[in-house]
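Trainee: What follows is a single structure, and I will ask about it in a moment.
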Amino acid sequence: MRIRTVAPVAAVAAVAALALAGCVDNSTPSSSSTSSAAADVKKDDALANQLPQRIKDSGKIVVGMDNTYPPNEFKDDNQQPVGWEVDLANAIAAKLGVKTSFAIAKFDNIIPSITGGKDDYGMSSFTDTTEREQQVDFVNYYSAGILWAAQKGKNIDPDNACGLKVAVQSTTYEDTDEVPAKSKKCTDAGKPAIQALRYDTQDDATNAVVLGKADALSADSPVTLYAISKANGKLEAAGKTFDEAPYGLPVKKGSELGPLLQKTVQALIDDGTYKKILDKWGVADGAVDKAEINAASKG
């Protein structure tokens with residue numbers, strides 16, 4: 001989970017090429033046209049009228065995103081952001097009658113950009129935690145768990161991984177919390193620690209397992225399942241999904257935009273657009289019926 005994962009591949013070589021592509025960092029905002037998934041979304045005048053005046057005047061809403069986490073958000077062949085969260089962001093904008101401007105940046109720079117007023121909100125697979133809620137509010141829109149993957153036939157057990165090398169994307173929940181906690185249990189029991197191999201992009205973390213540099217990877221469940229589907233039979237799930245937690249859109253603490261985004265996401269859930277987007281990307285297992293604010297602190 002991002003406490004804070006590729007275009008279609010046909011072979012391991014293609015996975016490697018995508019990993020290289022994933023290293024490109026575009027730090028300037030890029031406007032995206034409305035995605036096909038949002039094309040049929042109609043503006044809701046009542047919601048649009050509640051937008052802050054500066055967003056109405058600009059005609060765009062700035063969304064912080066680290067597009068290195070397929071299938072949630074990644075880059076197409078033209079280096080433009082794509083993925084189910086990109087589609088959802090575009091649907092939110094369409095419902096509000098504005099355009100989306102994606103501010104592509106490193107993941108750990110997004111929340112500071114929101115609190116500093118540069119970005120209006122973030123859409124980048126953020127796990128809502130009580131710690132993060134001290135900095136920003138979260139509009140919750142999805143439930144994801146953690147799922148490990150390994151080379152096919154390796155029989156890796158996430159609960160018995162002492163001494164293994166585990167690839168993670170840097171600054172994700174798997175990097176900062178999950179793998180370190182498992183490693184501590186190992187060392188407390190007198191067993192070898194788990195060695196976390198940290199990568200800037202999920203493509204690189206996946207590629208490390210495909211090439212045998214790591215024994216397994218740990219990532220959000222939709223990310224892992226997508227990585228497996230694109231690895232040409234080289235990867236398989238290791239164990240089952242665990243530790244489910246809510247994804248949230250971070251917005252400035254106490255911002256009027258938070259409740260508005262909550263109502264907008266709920267409208268997309270109610271009119272079927274949300275489910276259509278998730279179905280398109282094969283990630284409907286994490287769908288929610290209700291958009292909430294700061295679900296982590298509500299238990």
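Residues in the structure tokens are numbered from 1 in each chain, the chains being A, B, ... in the order shown, and ligands are numbered from 1 in the order shown.
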Using only C-alpha atoms, determine which residues lie at most 7 Å from A:Gln151, disregarding the query and same-chain residues fewer than 3 positions distant; provide the list as a list in words.
Mentor: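 So the residues in contact are Lys154, Val209, Val210, Lys234, Leu235 and Glu236 of chain A.
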Trainee: Identify, with DSSP run on backbone atoms, the residues in stretch 165-269 of chain A assigned to helix (DSSP H, G or I), and express the list as a PyMOL selection string.
Mentor: chain A and resi 173-188+202-210+221-229+257-269
Trainee: Restricting the calculation to only C-alpha atoms: of A:Lys276, A:Lys75, A:Arg54, A:Lys43, which residue gets closest to A:Asp203?
Mentor: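 For A:Asp203, the nearest of the given residues is A:Lys75.
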Trainee: Taking 6 positions as the minimum chain separation for residues in the same chain, which residues sit within 10 Å of A:Ile194 when counting only C-alpha atoms? Answer as a compact mmCIF listing (two decimals) with C-alpha atoms, in the first residue's frame.
Mentor:
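See out04.txt below for the written result:
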# COMPACT_ATOMS: atom_id res chain seq x y z
CA ASN A 160 7.71 -17.47 6.98
CA ALA A 161 10.03 -15.23 4.98
CA CYS A 162 13.00 -14.84 7.34
CA GLY A 163 16.24 -14.45 5.43
CA LEU A 164 14.56 -13.72 2.09
CA LYS A 165 15.03 -10.74 -0.22
CA VAL A 166 11.72 -8.93 -0.78
CA VAL A 179 8.11 -5.85 5.64
CA PRO A 180 9.99 -4.19 8.55
CA ALA A 181 7.42 -5.59 11.01
CA LYS A 182 7.82 -9.09 9.56
CA SER A 183 11.59 -8.72 9.66
CA LYS A 184 11.50 -7.66 13.33
CA LYS A 185 9.52 -10.78 14.21
CA CYS A 186 12.26 -12.79 12.54
CA THR A 187 15.11 -11.15 14.42
Trainee: Apply DSSP to the structure's backbone, then extract all residues of stretch 6-200 of chain A labelled strand (DSSP E or B) and return them as a PyMOL selection string.
Mentor: chain A and resi 29-32+60-65+69+73-75+81-82+99-104+121-122+126-127+136-151+165-169+195-199
Trainee: Env of A:Leu249: 8 Å cut, atoms = only C-alpha atoms, seq-sep filter 5 positions within chain, self excluded. Answer as a VMD selection string.
Mentor: chain A and resid 121 to 124 126 137 to 141
Trainee: Expressed in Å to a single decimal, how great is the separation between atom CA of A:Gln53 and atom CA of A:Pro250?
Mentor: 19.9 Å
Trainee: Go through A:Ala38, A:Ala189, A:Ile111, A:Ala103 one by one, measure the shortest atom-to-atom distance of each to A:Leu88 using only C-alpha atoms, and give the residue with the smallest value.
Mentor: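 Closest candidate: A:Ala38.
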Trainee: What is the atom CA of A:Asp279-atom CA of A:Asn294 distance in Å, reported with one decimal?
Mentor: 25.3 Å
Trainee: From the set A:Asn72, A:Asn207, A:Gln135, A:Thr176, which residue has the shortest atom-to-atom contact distance to A:Ser221, counting only C-alpha atoms?
Mentor: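 Among the listed residues, A:Asn72 lies closest to A:Ser221.
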Trainee: What does the distance from atom CA of A:Ile61 to atom CA of A:Ile269 come to in Å, to one decimal?
Mentor: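 Between atom CA of A:Ile61 and atom CA of A:Ile269 the gap works out to 20.1 Å.
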Trainee: For each of A:Val98, A:Leu278, A:Val136, A:Ala238, take the minimum atom-to-atom distance to A:Ile293, counting only C-alpha atoms, then give the residue where this is smallest.
Mentor: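 For A:Ile293, the nearest of the given residues is A:Val136.
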Trainee: Nearest residue to A:Gly282 out of A:Ala144, A:Asp159, A:Trp84, A:Lys118, using only C-alpha atoms?
Mentor: A:Trp84
Trainee: Point out the residue among A:Pro192, A:Gly272, A:Gly64, A:Gly254 with the least atom-to-atom distance to A:Glu133, counting only C-alpha atoms.
Mentor: A:Gly254
